[in-house]
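What follows is protein.pdb (PDB, C-alpha atoms).
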```pdb
ATOM      1  CA  MET A  21       0.000   0.000   0.000  1.00  0.00           C
ATOM      2  CA  PRO A  22       1.503   3.370  -0.917  1.00  0.00           C
ATOM      3  CA  ASN A  23       2.332   5.656   1.977  1.00  0.00           C
ATOM      4  CA  LEU A  24       0.331   8.575   0.579  1.00  0.00           C
ATOM      5  CA  THR A  25      -2.845   6.507   0.273  1.00  0.00           C
ATOM      6  CA  PHE A  26      -2.491   5.333   3.856  1.00  0.00           C
ATOM      7  CA  ARG A  27      -1.967   8.846   5.178  1.00  0.00           C
ATOM      8  CA  LYS A  28      -4.874  10.380   3.288  1.00  0.00           C
ATOM      9  CA  SER A  29      -7.261   7.617   4.362  1.00  0.00           C
ATOM     10  CA  TRP A  30      -6.398   7.785   8.040  1.00  0.00           C
ATOM     11  CA  GLN A  31      -6.148  11.582   8.043  1.00  0.00           C
ATOM     12  CA  LYS A  32      -9.857  11.717   7.247  1.00  0.00           C
ATOM     13  CA  LEU A  33     -10.720   9.308  10.052  1.00  0.00           C
ATOM     14  CA  PHE A  34      -8.285  10.365  12.798  1.00  0.00           C
ATOM     15  CA  PRO A  35      -6.697  13.747  12.104  1.00  0.00           C
ATOM     16  CA  ASP A  36      -5.097  14.028  15.563  1.00  0.00           C
ATOM     17  CA  VAL A  37      -3.326  10.661  15.287  1.00  0.00           C
ATOM     18  CA  MET A  38      -2.084  11.375  11.795  1.00  0.00           C
ATOM     19  CA  ASP A  39      -0.091  14.366  13.031  1.00  0.00           C
ATOM     20  CA  SER A  40       2.380  11.859  14.470  1.00  0.00           C
ATOM     21  CA  VAL A  41       2.621  10.116  11.109  1.00  0.00           C
ATOM     22  CA  GLU A  42       3.687  13.296   9.301  1.00  0.00           C
ATOM     23  CA  ASN A  43       7.321  12.474   9.956  1.00  0.00           C
ATOM     24  CA  VAL A  44       7.032   9.378   7.721  1.00  0.00           C
ATOM     25  CA  ASN A  45       8.812   9.716   4.391  1.00  0.00           C
ATOM     26  CA  ASP A  46       6.562  11.301   1.708  1.00  0.00           C
ATOM     27  CA  SER A  47       7.749   8.984  -1.051  1.00  0.00           C
ATOM     28  CA  GLU A  48       4.769   7.264  -2.696  1.00  0.00           C
ATOM     29  CA  SER A  49       6.882   4.327  -3.771  1.00  0.00           C
ATOM     30  CA  GLN A  50       7.734   3.362  -0.188  1.00  0.00           C
ATOM     31  CA  GLU A  51       5.453   0.555   0.985  1.00  0.00           C
ATOM     32  CA  ILE A  52       4.103   0.555   4.514  1.00  0.00           C
ATOM     33  CA  THR A  53       4.858  -2.632   6.320  1.00  0.00           C
ATOM     34  CA  ALA A  54       2.474  -4.375   8.654  1.00  0.00           C
ATOM     35  CA  ALA A  55       4.817  -3.645  11.578  1.00  0.00           C
ATOM     36  CA  SER A  56       4.842   0.131  11.036  1.00  0.00           C
ATOM     37  CA  LEU A  57       1.115   0.104  10.456  1.00  0.00           C
ATOM     38  CA  LEU A  58       0.598  -1.902  13.634  1.00  0.00           C
ATOM     39  CA  GLU A  59       2.439   0.723  15.701  1.00  0.00           C
ATOM     40  CA  GLU A  60       0.263   3.536  14.405  1.00  0.00           C
ATOM     41  CA  ILE A  61      -3.034   1.670  14.682  1.00  0.00           C
ATOM     42  CA  GLN A  62      -2.327   0.590  18.262  1.00  0.00           C
ATOM     43  CA  ASN A  63      -1.991   4.292  19.173  1.00  0.00           C
ATOM     44  CA  VAL A  64      -5.647   4.856  18.219  1.00  0.00           C
ATOM     45  CA  ASN A  65      -8.210   4.472  21.012  1.00  0.00           C
ATOM     46  CA  GLY A  66     -10.162   1.234  20.662  1.00  0.00           C
ATOM     47  CA  PHE A  67      -7.546  -0.448  18.456  1.00  0.00           C
ATOM     48  CA  GLU A  68      -5.036  -1.384  21.164  1.00  0.00           C
ATOM     49  CA  ASP A  69      -5.786  -5.134  20.805  1.00  0.00           C
ATOM     50  CA  VAL A  70      -5.012  -5.277  17.076  1.00  0.00           C
ATOM     51  CA  ASP A  71      -2.125  -7.623  16.248  1.00  0.00           C
ATOM     52  CA  ARG A  72       0.086  -8.117  13.203  1.00  0.00           C
ATOM     53  CA  GLU A  73      -2.093 -10.940  11.825  1.00  0.00           C
ATOM     54  CA  ASN A  74      -5.133  -8.628  11.835  1.00  0.00           C
ATOM     55  CA  ILE A  75      -3.180  -6.000   9.895  1.00  0.00           C
ATOM     56  CA  GLU A  76      -1.946  -8.500   7.304  1.00  0.00           C
ATOM     57  CA  GLU A  77      -5.441  -9.934   6.895  1.00  0.00           C
ATOM     58  CA  TRP A  78      -6.846  -6.434   6.432  1.00  0.00           C
ATOM     59  CA  LEU A  79      -4.211  -5.506   3.854  1.00  0.00           C
ATOM     60  CA  LEU A  80      -4.679  -8.722   1.853  1.00  0.00           C
ATOM     61  CA  SER A  81      -8.470  -8.934   2.112  1.00  0.00           C
ATOM     62  CA  ASP A  82      -9.185  -7.159  -1.156  1.00  0.00           C
ATOM     63  CA  ILE A  83      -5.881  -7.385  -2.979  1.00  0.00           C
ATOM     64  CA  ASP A  84      -7.480  -9.258  -5.893  1.00  0.00           C
ATOM     65  CA  GLN A  85     -10.403  -6.874  -6.200  1.00  0.00           C
ATOM     66  CA  PRO A  86     -10.001  -3.650  -8.194  1.00  0.00           C
ATOM     67  CA  GLY A  87     -12.330  -1.681  -5.890  1.00  0.00           C
ATOM     68  CA  TYR A  88     -15.057  -1.370  -8.487  1.00  0.00           C
ATOM     69  CA  GLN A  89     -17.287  -3.698 -10.448  1.00  0.00           C
ATOM     70  CA  VAL A  90     -15.784  -4.837 -13.743  1.00  0.00           C
ATOM     71  CA  LYS A  91     -18.267  -5.364 -16.576  1.00  0.00           C
ATOM     72  CA  ASP A  92     -17.740  -5.936 -20.250  1.00  0.00           C
ATOM     73  CA  ASP A  93     -19.680  -4.096 -22.961  1.00  0.00           C
ATOM     74  CA  ASP A  94     -22.269  -6.871 -23.365  1.00  0.00           C
ATOM     75  CA  ALA A  95     -23.080  -6.921 -19.644  1.00  0.00           C
ATOM     76  CA  LEU A  96     -23.447  -3.123 -19.564  1.00  0.00           C
ATOM     77  CA  ALA A  97     -25.686  -3.140 -22.631  1.00  0.00           C
ATOM     78  CA  ALA A  98     -27.896  -5.871 -21.157  1.00  0.00           C
ATOM     79  CA  GLU A  99     -28.202  -4.010 -17.864  1.00  0.00           C
ATOM     80  CA  VAL A 100     -29.133  -0.738 -19.548  1.00  0.00           C
ATOM     81  CA  LYS A 101     -31.625  -2.491 -21.806  1.00  0.00           C
ATOM     82  CA  SER A 102     -33.302  -4.291 -18.909  1.00  0.00           C
ATOM     83  CA  SER A 103     -33.573  -1.108 -16.847  1.00  0.00           C
ATOM     84  CA  ALA A 104     -35.007   0.798 -19.827  1.00  0.00           C
ATOM     85  CA  GLU A 105     -37.760  -1.710 -20.465  1.00  0.00           C
ATOM     86  CA  LEU A 106     -40.968  -0.924 -18.646  1.00  0.00           C
ATOM     87  CA  PRO A 107     -42.928  -3.793 -17.141  1.00  0.00           C
ATOM     88  CA  GLU A 108     -46.107  -4.630 -18.997  1.00  0.00           C
ATOM     89  CA  GLU A 109     -49.280  -3.664 -17.192  1.00  0.00           C
ATOM     90  CA  SER A 110     -52.533  -5.506 -17.374  1.00  0.00           C
ATOM     91  CA  ASP A 111     -55.731  -3.592 -18.065  1.00  0.00           C
ATOM     92  CA  ASP A 112     -56.876  -3.998 -14.453  1.00  0.00           C
ATOM     93  CA  ASP A 113     -53.688  -2.414 -13.068  1.00  0.00           C
ATOM     94  CA  ALA A 114     -53.828   0.484 -15.492  1.00  0.00           C
ATOM     95  CA  VAL A 115     -57.329   1.436 -14.380  1.00  0.00           C
ATOM     96  CA  ASP A 116     -56.411   1.323 -10.693  1.00  0.00           C
ATOM     97  CA  ASP A 117     -53.130   3.242 -10.995  1.00  0.00           C
ATOM     98  CA  GLU A 118     -54.345   6.129 -13.147  1.00  0.00           C
ATOM     99  CA  PRO A 119     -55.390   9.093 -11.053  1.00  0.00           C
ATOM    100  CA  SER A 120     -58.561  10.757 -12.187  1.00  0.00           C
ATOM    101  CA  GLU A 121     -57.522  14.063 -13.637  1.00  0.00           C
ATOM    102  CA  LYS A 122     -60.300  16.447 -12.736  1.00  0.00           C
ATOM    103  CA  LYS A 123     -59.713  20.055 -13.653  1.00  0.00           C
ATOM    104  CA  ALA A 124     -61.453  22.806 -11.779  1.00  0.00           C
ATOM    105  CA  SER A 125     -63.186  25.403 -13.865  1.00  0.00           C
ATOM    106  CA  ILE A 126     -62.321  29.074 -13.647  1.00  0.00           C
ATOM    107  CA  ALA A 127     -65.710  29.773 -12.071  1.00  0.00           C
ATOM    108  CA  GLU A 128     -65.044  27.175  -9.334  1.00  0.00           C
ATOM    109  CA  ALA A 129     -61.586  28.605  -8.671  1.00  0.00           C
ATOM    110  CA  LEU A 130     -62.998  32.132  -8.460  1.00  0.00           C
ATOM    111  CA  ASN A 131     -65.780  31.002  -6.119  1.00  0.00           C
ATOM    112  CA  CYS A 132     -63.328  29.203  -3.805  1.00  0.00           C
ATOM    113  CA  THR A 133     -60.968  32.171  -3.747  1.00  0.00           C
ATOM    114  CA  GLU A 134     -63.756  34.593  -2.891  1.00  0.00           C
ATOM    115  CA  THR A 135     -65.055  32.287  -0.143  1.00  0.00           C
ATOM    116  CA  LEU A 136     -61.611  32.011   1.410  1.00  0.00           C
ATOM    117  CA  LEU A 137     -61.081  35.756   1.118  1.00  0.00           C
ATOM    118  CA  ASP A 138     -64.421  36.414   2.863  1.00  0.00           C
ATOM    119  CA  PHE A 139     -63.434  34.020   5.645  1.00  0.00           C
ATOM    120  CA  LEU A 140     -60.041  35.651   6.212  1.00  0.00           C
ATOM    121  CA  GLU A 141     -61.509  39.155   6.190  1.00  0.00           C
ATOM    122  CA  GLN A 142     -63.977  38.143   8.932  1.00  0.00           C
ATOM    123  CA  GLU A 143     -61.306  36.664  11.188  1.00  0.00           C
ATOM    124  CA  ALA A 144     -59.710  39.087  13.642  1.00  0.00           C
ATOM    125  CA  ASP A 145     -56.309  37.395  13.683  1.00  0.00           C
ATOM    126  CA  SER A 146     -55.891  37.106   9.902  1.00  0.00           C
ATOM    127  CA  ASN A 147     -52.579  38.031   8.401  1.00  0.00           C
ATOM    128  CA  PHE A 148     -52.912  41.064   6.129  1.00  0.00           C
ATOM    129  CA  SER A 149     -50.324  39.743   3.681  1.00  0.00           C
ATOM    130  CA  ASP A 150     -52.426  36.571   3.225  1.00  0.00           C
ATOM    131  CA  ILE A 151     -55.464  38.691   2.416  1.00  0.00           C
ATOM    132  CA  LEU A 152     -53.478  40.712  -0.112  1.00  0.00           C
ATOM    133  CA  THR A 153     -52.149  37.533  -1.687  1.00  0.00           C
ATOM    134  CA  LEU A 154     -55.665  36.142  -2.052  1.00  0.00           C
ATOM    135  CA  ARG A 155     -56.876  39.422  -3.557  1.00  0.00           C
ATOM    136  CA  LYS A 156     -54.051  39.259  -6.092  1.00  0.00           C
ATOM    137  CA  LEU A 157     -54.944  35.648  -6.860  1.00  0.00           C
ATOM    138  CA  ARG A 158     -58.615  36.573  -7.263  1.00  0.00           C
ATOM    139  CA  THR A 159     -57.662  39.347  -9.676  1.00  0.00           C
ATOM    140  CA  SER A 160     -55.537  36.920 -11.672  1.00  0.00           C
ATOM    141  CA  ILE A 161     -58.404  34.426 -11.902  1.00  0.00           C
ATOM    142  CA  LYS A 162     -60.807  37.180 -12.982  1.00  0.00           C
ATOM    143  CA  LEU A 163     -58.401  38.251 -15.726  1.00  0.00           C
ATOM    144  CA  LYS A 164     -58.236  34.670 -17.000  1.00  0.00           C
ATOM    145  CA  CYS A 165     -62.005  34.527 -16.916  1.00  0.00           C
ATOM    146  CA  CYS A 166     -62.219  37.718 -18.996  1.00  0.00           C
ATOM    147  CA  LYS A 167     -59.714  36.404 -21.533  1.00  0.00           C
ATOM    148  CA  ASN A 168     -61.722  33.224 -21.974  1.00  0.00           C
ATOM    149  CA  THR A 169     -64.994  35.083 -22.401  1.00  0.00           C
ATOM    150  CA  LYS A 170     -65.842  35.768 -25.989  1.00  0.00           C
ATOM    151  CA  GLN A 171     -67.107  39.246 -26.707  1.00  0.00           C
ATOM    152  CA  ARG A 172     -70.576  39.151 -28.138  1.00  0.00           C
ATOM    153  CA  VAL A 173     -71.620  41.178 -31.124  1.00  0.00           C
ATOM    154  CA  GLN A 174     -74.971  42.860 -31.733  1.00  0.00           C
ATOM    155  CA  SER A 175     -76.076  40.208 -34.180  1.00  0.00           C
ATOM    156  CA  ASP A 176     -75.994  37.632 -31.358  1.00  0.00           C
ATOM    157  CA  PHE A 177     -78.925  39.422 -29.699  1.00  0.00           C
ATOM    158  CA  VAL A 178     -81.080  39.710 -32.795  1.00  0.00           C
ATOM    159  CA  LYS A 179     -83.145  36.752 -33.869  1.00  0.00           C
ATOM    160  CA  LYS A 180     -82.483  35.659 -37.352  1.00  0.00           C
ATOM    161  CA  THR A 181     -85.525  35.216 -39.504  1.00  0.00           C
ATOM    162  CA  SER A 182     -85.377  32.672 -42.175  1.00  0.00           C
TER     163      SER A 182
END
```
Please re-express this file's structure in structure tokens.
Amino acid sequence: MPNLTFRKSWQKLFPDVMDSVENVNDSESQEITAASLLEEIQNVNGFEDVDRENIEEWLLSDIDQPGYQVKDDDALAAEVKSSAELPEESDDDAVDDEPSEKKASIAEALNCTETLLDFLEQEADSNFSDILTLRKLRTSIKLKCCKNTKQRVQSDFVKKTS
């Protein structure tokens, strides 16, 4: 294990202990032996009972593993394809899972806003900024209502005679 890797790893876990390791040579090529590692680990609280065999076992535990999952192109393609495919749904499931999408009309929204505004104006402890916000919302809904209303012409009021 390179010295630099060891120092960076333990510095994150035990910064106060690693101050004593700073005097170790900074050369990355120098390997840390189990004996030198044992001395430093035994200085950490809770690790006093660690012996050389534990250190060697720890160092060799994942020597054959690269530290990440190795996959070839075919395995990656199969995984992506399987995650992209959506499971087929039966007709019964589709009916149950679909939320009913009910849209409120502009008249309903305006009525609800006015009712809420009336309620807040009657309450003594109402927040004035809430009332102003509702008034602004009511105005916005009324403007939408006016935009959706078609202007009638005079001919609409006159009966056509055939």
| Hits from the PyMOL selection byres ((chain A and resi 137) around 10), listed as a ChimeraX atom specification | /A:131-136,138-142,150-155,158
So that I have them on file, write out the residues from the current selection with C-alpha atoms, as a PDB file, in the coordinates of the input.
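What ended up in out-v2.pdb:
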```pdb
ATOM      1  CA  ASN A 131     -65.780  31.002  -6.119  1.00  0.00           C
ATOM      2  CA  CYS A 132     -63.328  29.203  -3.805  1.00  0.00           C
ATOM      3  CA  THR A 133     -60.968  32.171  -3.747  1.00  0.00           C
ATOM      4  CA  GLU A 134     -63.756  34.593  -2.891  1.00  0.00           C
ATOM      5  CA  THR A 135     -65.055  32.287  -0.143  1.00  0.00           C
ATOM      6  CA  LEU A 136     -61.611  32.011   1.410  1.00  0.00           C
ATOM      7  CA  ASP A 138     -64.421  36.414   2.863  1.00  0.00           C
ATOM      8  CA  PHE A 139     -63.434  34.020   5.645  1.00  0.00           C
ATOM      9  CA  LEU A 140     -60.041  35.651   6.212  1.00  0.00           C
ATOM     10  CA  GLU A 141     -61.509  39.155   6.190  1.00  0.00           C
ATOM     11  CA  GLN A 142     -63.977  38.143   8.932  1.00  0.00           C
ATOM     12  CA  ASP A 150     -52.426  36.571   3.225  1.00  0.00           C
ATOM     13  CA  ILE A 151     -55.464  38.691   2.416  1.00  0.00           C
ATOM     14  CA  LEU A 152     -53.478  40.712  -0.112  1.00  0.00           C
ATOM     15  CA  THR A 153     -52.149  37.533  -1.687  1.00  0.00           C
ATOM     16  CA  LEU A 154     -55.665  36.142  -2.052  1.00  0.00           C
ATOM     17  CA  ARG A 155     -56.876  39.422  -3.557  1.00  0.00           C
ATOM     18  CA  ARG A 158     -58.615  36.573  -7.263  1.00  0.00           C
TER      19      ARG A 158
END
```
| Interatomic distance between CA of Trp78 in chain A and CA of Glu59 in chain A? |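 Going from CA of Trp78 in chain A over to CA of Glu59 in chain A, I get 14.9 Å.
If you count only C-alpha atoms and ignore residues fewer than 3 places along the chain from range 162-164 of chain A, what sits within 10 Å of it is Ile126, Ala127, Ala129, Leu130, Lys156, Leu157, Arg158, Thr159, Lys167, Asn168 and Thr169 of chain A.
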| task | Excluding Ile61 in chain A and residues on its chain fewer than 2 positions from it, collect all residues at most 12 Å away from it, counting only C-alpha atoms, and give them as a list in words. | result |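 Answer for this query is Phe26, Arg27, Trp30, Leu33, Phe34, Val37, Met38, Ser40, Val41, Ala54, Ala55, Ser56, Leu57, Leu58, Glu59, Asn63, Val64, Asn65, Gly66, Phe67, Glu68, Asp69, Val70, Asp71, Arg72, Asn74 and Ile75 of chain A.
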| said: Report, in Å to a single decimal, how far apart CA of Ser81 in chain A and CA of Leu24 in chain A are. | reply: 19.7 Å
| said: Restricting the calculation to only C-alpha atoms: of A:Ser125, A:Ser149, A:Thr25, A:Thr181, which residue gets closest to Cys165 in chain A? | reply: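 Under the stated criterion, the closest residue is A:Ser125.
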Fill-in result for range 122-133 of chain A, all heavy atoms as a short mmCIF file (atom, residue, chain, number, x, y, z; two decimals), keeping the file's coordinate frame:
```cif
data_model
loop_
_atom_site.label_atom_id
_atom_site.label_comp_id
_atom_site.auth_asym_id
_atom_site.auth_seq_id
_atom_site.Cartn_x
_atom_site.Cartn_y
_atom_site.Cartn_z
N LYS A 122 -59.15 15.56 -12.71
CA LYS A 122 -60.30 16.45 -12.74
C LYS A 122 -59.79 17.88 -12.64
O LYS A 122 -59.11 18.25 -11.71
CB LYS A 122 -61.21 16.14 -11.55
CG LYS A 122 -62.45 16.99 -11.49
CD LYS A 122 -63.28 16.65 -10.27
CE LYS A 122 -64.47 17.57 -10.18
NZ LYS A 122 -65.21 17.33 -8.94
N LYS A 123 -60.14 18.66 -13.64
CA LYS A 123 -59.71 20.06 -13.65
C LYS A 123 -60.84 20.93 -13.13
O LYS A 123 -62.00 20.75 -13.49
CB LYS A 123 -59.34 20.49 -15.06
CG LYS A 123 -58.08 19.84 -15.58
CD LYS A 123 -57.69 20.43 -16.90
CE LYS A 123 -56.41 19.81 -17.40
NZ LYS A 123 -55.98 20.40 -18.66
N ALA A 124 -60.47 21.86 -12.30
CA ALA A 124 -61.45 22.81 -11.78
C ALA A 124 -61.67 23.90 -12.82
O ALA A 124 -60.75 24.34 -13.49
CB ALA A 124 -60.96 23.41 -10.47
N SER A 125 -62.90 24.34 -12.91
CA SER A 125 -63.19 25.40 -13.86
C SER A 125 -62.76 26.74 -13.26
O SER A 125 -62.52 26.86 -12.06
CB SER A 125 -64.69 25.42 -14.19
OG SER A 125 -65.41 25.82 -13.04
N ILE A 126 -62.69 27.74 -14.11
CA ILE A 126 -62.32 29.07 -13.65
C ILE A 126 -63.37 29.61 -12.68
O ILE A 126 -63.04 30.24 -11.68
CB ILE A 126 -62.13 30.03 -14.85
CG1 ILE A 126 -60.92 29.59 -15.66
CG2 ILE A 126 -61.97 31.46 -14.39
CD1 ILE A 126 -60.64 30.39 -16.89
N ALA A 127 -64.63 29.30 -12.95
CA ALA A 127 -65.71 29.77 -12.07
C ALA A 127 -65.58 29.13 -10.69
O ALA A 127 -65.77 29.81 -9.66
CB ALA A 127 -67.07 29.44 -12.69
N GLU A 128 -65.23 27.84 -10.63
CA GLU A 128 -65.04 27.18 -9.33
C GLU A 128 -63.86 27.77 -8.58
O GLU A 128 -63.93 27.99 -7.37
CB GLU A 128 -64.82 25.67 -9.53
CG GLU A 128 -66.04 24.91 -9.97
CD GLU A 128 -65.72 23.47 -10.26
OE1 GLU A 128 -64.70 23.19 -10.93
OE2 GLU A 128 -66.51 22.61 -9.82
N ALA A 129 -62.77 28.03 -9.31
CA ALA A 129 -61.59 28.60 -8.67
C ALA A 129 -61.90 29.99 -8.13
O ALA A 129 -61.50 30.34 -7.01
CB ALA A 129 -60.43 28.67 -9.67
N LEU A 130 -62.63 30.79 -8.90
CA LEU A 130 -63.00 32.13 -8.46
C LEU A 130 -63.91 32.07 -7.24
O LEU A 130 -63.71 32.82 -6.28
CB LEU A 130 -63.68 32.89 -9.60
CG LEU A 130 -64.05 34.34 -9.33
CD1 LEU A 130 -62.80 35.15 -8.99
CD2 LEU A 130 -64.76 34.94 -10.54
N ASN A 131 -64.87 31.15 -7.25
CA ASN A 131 -65.78 31.00 -6.12
C ASN A 131 -65.02 30.60 -4.85
O ASN A 131 -65.25 31.15 -3.77
CB ASN A 131 -66.85 29.96 -6.46
CG ASN A 131 -67.90 29.85 -5.37
OD1 ASN A 131 -68.13 30.80 -4.63
ND2 ASN A 131 -68.53 28.69 -5.28
N CYS A 132 -64.11 29.64 -4.97
CA CYS A 132 -63.33 29.20 -3.80
C CYS A 132 -62.44 30.32 -3.27
O CYS A 132 -62.33 30.51 -2.05
CB CYS A 132 -62.47 28.00 -4.17
SG CYS A 132 -63.42 26.51 -4.48
N THR A 133 -61.84 31.07 -4.17
CA THR A 133 -60.97 32.17 -3.75
C THR A 133 -61.76 33.24 -3.02
O THR A 133 -61.33 33.76 -1.98
CB THR A 133 -60.25 32.78 -4.97
OG1 THR A 133 -59.60 31.74 -5.69
CG2 THR A 133 -59.24 33.81 -4.56
#
```
